[in-house]
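Raw contents of start-v7.cif, mmCIF, C-alpha atoms:
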```
data_coords
#
loop_
_atom_site.label_atom_id
_atom_site.label_comp_id
_atom_site.auth_asym_id
_atom_site.auth_seq_id
_atom_site.Cartn_x
_atom_site.Cartn_y
_atom_site.Cartn_z
CA MET A 1 -152.69 -40.14 -20.50
CA LYS A 2 -152.57 -42.77 -23.27
CA VAL A 3 -153.69 -40.25 -25.86
CA THR A 4 -151.03 -37.76 -24.75
CA LEU A 5 -148.34 -40.44 -24.87
CA PHE A 6 -149.54 -41.52 -28.32
CA LEU A 7 -149.44 -37.92 -29.61
CA ILE A 8 -145.94 -37.40 -28.22
CA LEU A 9 -144.68 -40.60 -29.87
CA LEU A 10 -146.41 -39.73 -33.12
CA LEU A 11 -144.93 -36.23 -33.13
CA ASN A 12 -141.48 -37.61 -32.26
CA ALA A 13 -141.67 -40.14 -35.11
CA TYR A 14 -142.80 -37.46 -37.54
CA VAL A 15 -139.94 -35.12 -36.61
CA SER A 16 -137.28 -37.83 -36.66
CA LEU A 17 -138.38 -39.16 -40.06
CA ALA A 18 -138.67 -35.76 -41.70
CA GLN A 19 -135.80 -34.97 -44.06
CA ASP A 20 -134.88 -32.02 -46.14
CA ILE A 21 -134.63 -33.44 -49.67
CA ASP A 22 -132.20 -30.74 -50.80
CA THR A 23 -129.56 -31.86 -48.29
CA CYS A 24 -129.68 -35.41 -49.66
CA LEU A 25 -129.10 -34.28 -53.23
CA THR A 26 -126.47 -31.61 -52.69
CA VAL A 27 -123.17 -32.35 -54.38
CA SER A 28 -120.12 -30.56 -53.11
CA VAL A 29 -117.88 -29.18 -55.84
CA GLY A 30 -114.90 -29.47 -53.52
CA LEU A 31 -115.10 -33.26 -53.26
CA ARG A 32 -113.08 -33.93 -56.41
CA ILE A 33 -110.48 -31.36 -55.42
CA ASP A 34 -110.26 -32.91 -51.95
CA ARG A 35 -109.70 -36.36 -53.47
CA ILE A 36 -106.96 -35.01 -55.75
CA LYS A 37 -105.26 -33.27 -52.82
CA GLY A 38 -105.55 -36.46 -50.78
CA ARG A 39 -103.88 -38.48 -53.55
CA GLN A 40 -101.09 -35.92 -53.84
CA LYS A 41 -100.53 -36.01 -50.07
CA GLN A 42 -100.29 -39.81 -50.17
CA ILE A 43 -97.74 -39.71 -53.00
CA ILE A 44 -95.73 -37.06 -51.13
CA THR A 45 -95.86 -39.18 -47.97
CA TYR A 46 -94.46 -42.17 -49.86
CA ALA A 47 -91.68 -40.01 -51.33
CA ASP A 48 -90.88 -38.55 -47.91
CA SER A 49 -90.56 -42.02 -46.43
CA ILE A 50 -87.81 -42.72 -48.97
CA ASN A 51 -86.20 -39.28 -48.64
CA ASN A 52 -85.95 -39.76 -44.87
CA TYR A 53 -84.76 -43.37 -44.97
CA MET A 54 -81.46 -44.00 -43.22
CA ARG A 55 -81.33 -47.64 -42.20
CA GLY A 56 -83.47 -50.39 -40.78
CA ALA A 57 -86.72 -51.68 -42.16
CA LEU A 58 -87.68 -50.38 -45.58
CA PRO A 59 -90.94 -48.52 -46.07
CA ARG A 60 -93.62 -51.18 -46.54
CA PHE A 61 -94.87 -50.00 -49.90
CA LEU A 62 -91.47 -50.87 -51.43
CA HIS A 63 -92.35 -54.53 -50.95
CA ASP A 64 -95.51 -54.20 -53.06
CA GLU A 65 -94.36 -55.11 -56.57
CA CYS A 66 -97.86 -54.30 -57.87
CA PHE A 67 -97.96 -50.85 -56.24
CA ASP A 68 -98.70 -49.32 -59.67
CA THR A 69 -102.05 -51.11 -59.76
CA ASN A 70 -103.39 -49.06 -56.83
CA VAL A 71 -106.00 -47.28 -58.93
CA ASN A 72 -107.10 -45.20 -55.93
CA LEU A 73 -103.92 -43.14 -56.39
CA TRP A 74 -104.27 -42.62 -60.14
CA ASP A 75 -105.33 -39.20 -61.35
CA ASN A 76 -107.90 -40.83 -63.65
CA PHE A 77 -108.70 -44.25 -65.07
CA HIS A 78 -108.07 -43.26 -68.68
CA ALA A 79 -104.37 -42.57 -68.25
CA PRO A 80 -102.69 -45.20 -66.08
CA ILE A 81 -99.36 -44.10 -64.69
CA SER A 82 -96.47 -45.69 -62.89
CA LEU A 83 -97.14 -44.73 -59.31
CA ARG A 84 -93.75 -46.08 -58.31
CA TRP A 85 -92.05 -43.71 -60.74
CA LYS A 86 -94.29 -40.81 -59.69
CA VAL A 87 -93.14 -41.36 -56.10
CA LEU A 88 -89.49 -41.76 -57.09
CA GLU A 89 -89.54 -38.53 -59.14
CA MET A 90 -90.19 -36.69 -55.87
CA VAL A 91 -87.23 -38.36 -54.18
CA ASN A 92 -84.07 -36.23 -54.16
CA ASN A 93 -82.00 -37.92 -51.44
CA ARG A 94 -79.26 -39.88 -53.23
CA ILE A 95 -77.89 -41.23 -49.96
CA ALA A 96 -81.26 -42.74 -49.06
CA LEU A 97 -81.59 -44.28 -52.53
CA LYS A 98 -78.10 -45.73 -52.29
CA SER A 99 -78.89 -47.19 -48.85
CA ILE A 100 -81.97 -48.87 -50.27
CA LEU A 101 -80.07 -50.21 -53.28
CA GLU A 102 -77.39 -51.70 -51.01
CA LYS A 103 -80.02 -53.47 -48.93
CA ASP A 104 -80.06 -57.24 -49.46
CA ASP A 105 -83.83 -57.46 -49.82
CA ARG A 106 -85.08 -59.77 -52.56
CA LYS A 107 -88.56 -58.30 -52.38
CA LEU A 108 -87.21 -55.21 -54.17
CA ASP A 109 -86.41 -57.40 -57.18
CA LYS A 110 -89.92 -58.80 -57.56
CA LYS A 111 -91.97 -57.82 -60.58
CA CYS A 112 -95.73 -57.65 -60.74
CA SER A 113 -97.21 -60.93 -61.88
CA CYS A 114 -99.10 -61.21 -65.14
CA GLN A 115 -102.23 -62.35 -63.33
CA ARG A 116 -102.55 -59.12 -61.37
CA ARG A 117 -101.91 -57.07 -64.49
CA LYS A 118 -104.67 -58.86 -66.38
CA GLU A 119 -107.12 -58.07 -63.57
CA ILE A 120 -106.46 -54.36 -63.99
CA GLY A 121 -106.59 -54.51 -67.79
CA PHE A 122 -104.45 -51.43 -68.35
CA ASN A 123 -101.02 -50.96 -69.88
CA ILE A 124 -99.13 -49.28 -67.06
CA PRO A 125 -95.76 -47.72 -67.96
CA MET A 126 -92.65 -49.26 -66.35
CA MET A 127 -94.70 -52.21 -65.09
CA ASP A 128 -92.01 -54.64 -66.25
CA SER A 129 -89.42 -53.07 -63.94
CA SER A 130 -88.82 -54.02 -60.33
CA PHE A 131 -88.66 -51.42 -57.58
CA ARG A 132 -84.88 -51.91 -57.42
CA GLN A 133 -84.55 -51.14 -61.15
CA LEU A 134 -86.62 -47.98 -60.81
CA ILE A 135 -84.70 -46.87 -57.72
CA LYS A 136 -81.44 -47.44 -59.62
CA LYS A 137 -82.77 -45.41 -62.54
CA ARG A 138 -83.69 -42.52 -60.22
CA TYR A 139 -80.36 -42.77 -58.43
CA ASP A 140 -78.54 -42.55 -61.77
CA GLN A 141 -80.63 -39.51 -62.77
CA LEU A 142 -79.72 -37.71 -59.55
CA SER A 143 -76.05 -38.64 -59.95
CA THR A 144 -75.79 -37.06 -63.40
CA ASN A 145 -77.47 -33.80 -62.35
#
```

Translate this structure into structure tokens?
Amino acid sequence: MKVTLFLILLLNAYVSLAQDIDTCLTVSVGLRIDRIKGRQKQIITYADSINNYMRGALPRFLHDECFDTNVNLWDNFHAPISLRWKVLEMVNNRIALKSILEKDDRKLDKKCSCQRRKEIGFNIPMMDSSFRQLIKKRYDQLSTN
């Protein structure tokens, strides 16, 4: 009985510890594409939250003056971009932009601090502008078109 139990445990341990090495080393080509699509979906979601804004609480990301430093949303590390502007370029609802601009929210006027910018170490375009300034710029663009 003890020998049978020992053999069963030994066989169970052998089977559970056995691994196919190829499955551990397989790299999926689609992973990079999935990450890019995921980033694009996030950017579109941010733009949609502005496009669909009517009144009430602002979308939370508008209060993040250092939103541009979210490197997880960059296309690559070698070409930093203004994520705020990338989001705003997808916004086409002038009424929503005007509603946001008329909001008396001082957090929209904040600019990213120098300390946070030094941590990133990149020169990000439009980093010296507040969200309100960028929203105004986009609103003006839509007004002239």

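Distances here use only C-alpha atoms; by that measure, the residue among A:His63, A:Arg94, A:Lys37, A:Lys86 closest to Ser130 in chain A is A:His63.
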
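Between Asp104 in chain A and the candidates A:Glu65, A:Thr4, A:Arg132, A:Asp140, the tightest atom-to-atom separation, counting all atoms listed in the file, involves A:Arg132.
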
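Distances here use all atoms listed in the file; by that measure, the residue among A:Leu108, A:Ile135, A:Leu142, A:Leu97 closest to Leu62 in chain A is A:Leu108.
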
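Compared by their closest atoms to Lys111 in chain A, and using all atoms listed in the file, the residues A:Met54, A:Met126, A:Asn70, A:Ser99 rank with A:Met126 nearest.
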
(request) With a distance cut-off of 12 Å and all atoms listed in the file, select the neighbouring residues of Ile100 in chain A, excluding the residue or stretch itself and same-chain residues fewer than 3 positions from it, and output the selection as a PyMOL selection string. (result) chain A and resi 49-59+62-63+93-97+103-109+131-136+138-139

(message) Please enumerate the residues selected by the PyMOL selection byres ((chain A and resi 81-85) around 6) when evaluated against the supplied file, formatted as JSON, numbers by chain.
(response) {"A": [68, 80, 86, 87, 88, 89, 124, 125]}

(request) Give me, please, the distance in Å between CA of Asn92 in chain A and CA of Cys66 in chain A, quoted to one decimal. (result)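 Atom-to-atom, CA of Asn92 in chain A and CA of Cys66 in chain A are spaced 23.0 Å apart.
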
(request) Please measure the separation of CA of Glu102 in chain A and CA of Gln40 in chain A, giving the value in Å to one decimal. (result)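 Interatomic distance, CA of Glu102 in chain A to CA of Gln40 in chain A: 28.6 Å.
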
Emit as AutoDock Vina command-line options the padded axis-aligned box for all listed atoms of range 35-45 of chain A, 4 Å per side, with centre and edge lengths in Å to one decimal.
```
--center_x -102.7 --center_y -36.5 --center_z -51.9 --size_x 22.0 --size_y 14.5 --size_z 15.8
```

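CA of Asp128 in chain A to CA of Lys110 in chain A spans 9.9 Å [interatomic distance, one decimal].
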
(request) Find the residue from A:Phe6, A:Cys112, A:Asp64, A:Asn72 that sits nearest to Gly38 in chain A; use only C-alpha atoms when measuring. (result) A:Asn72
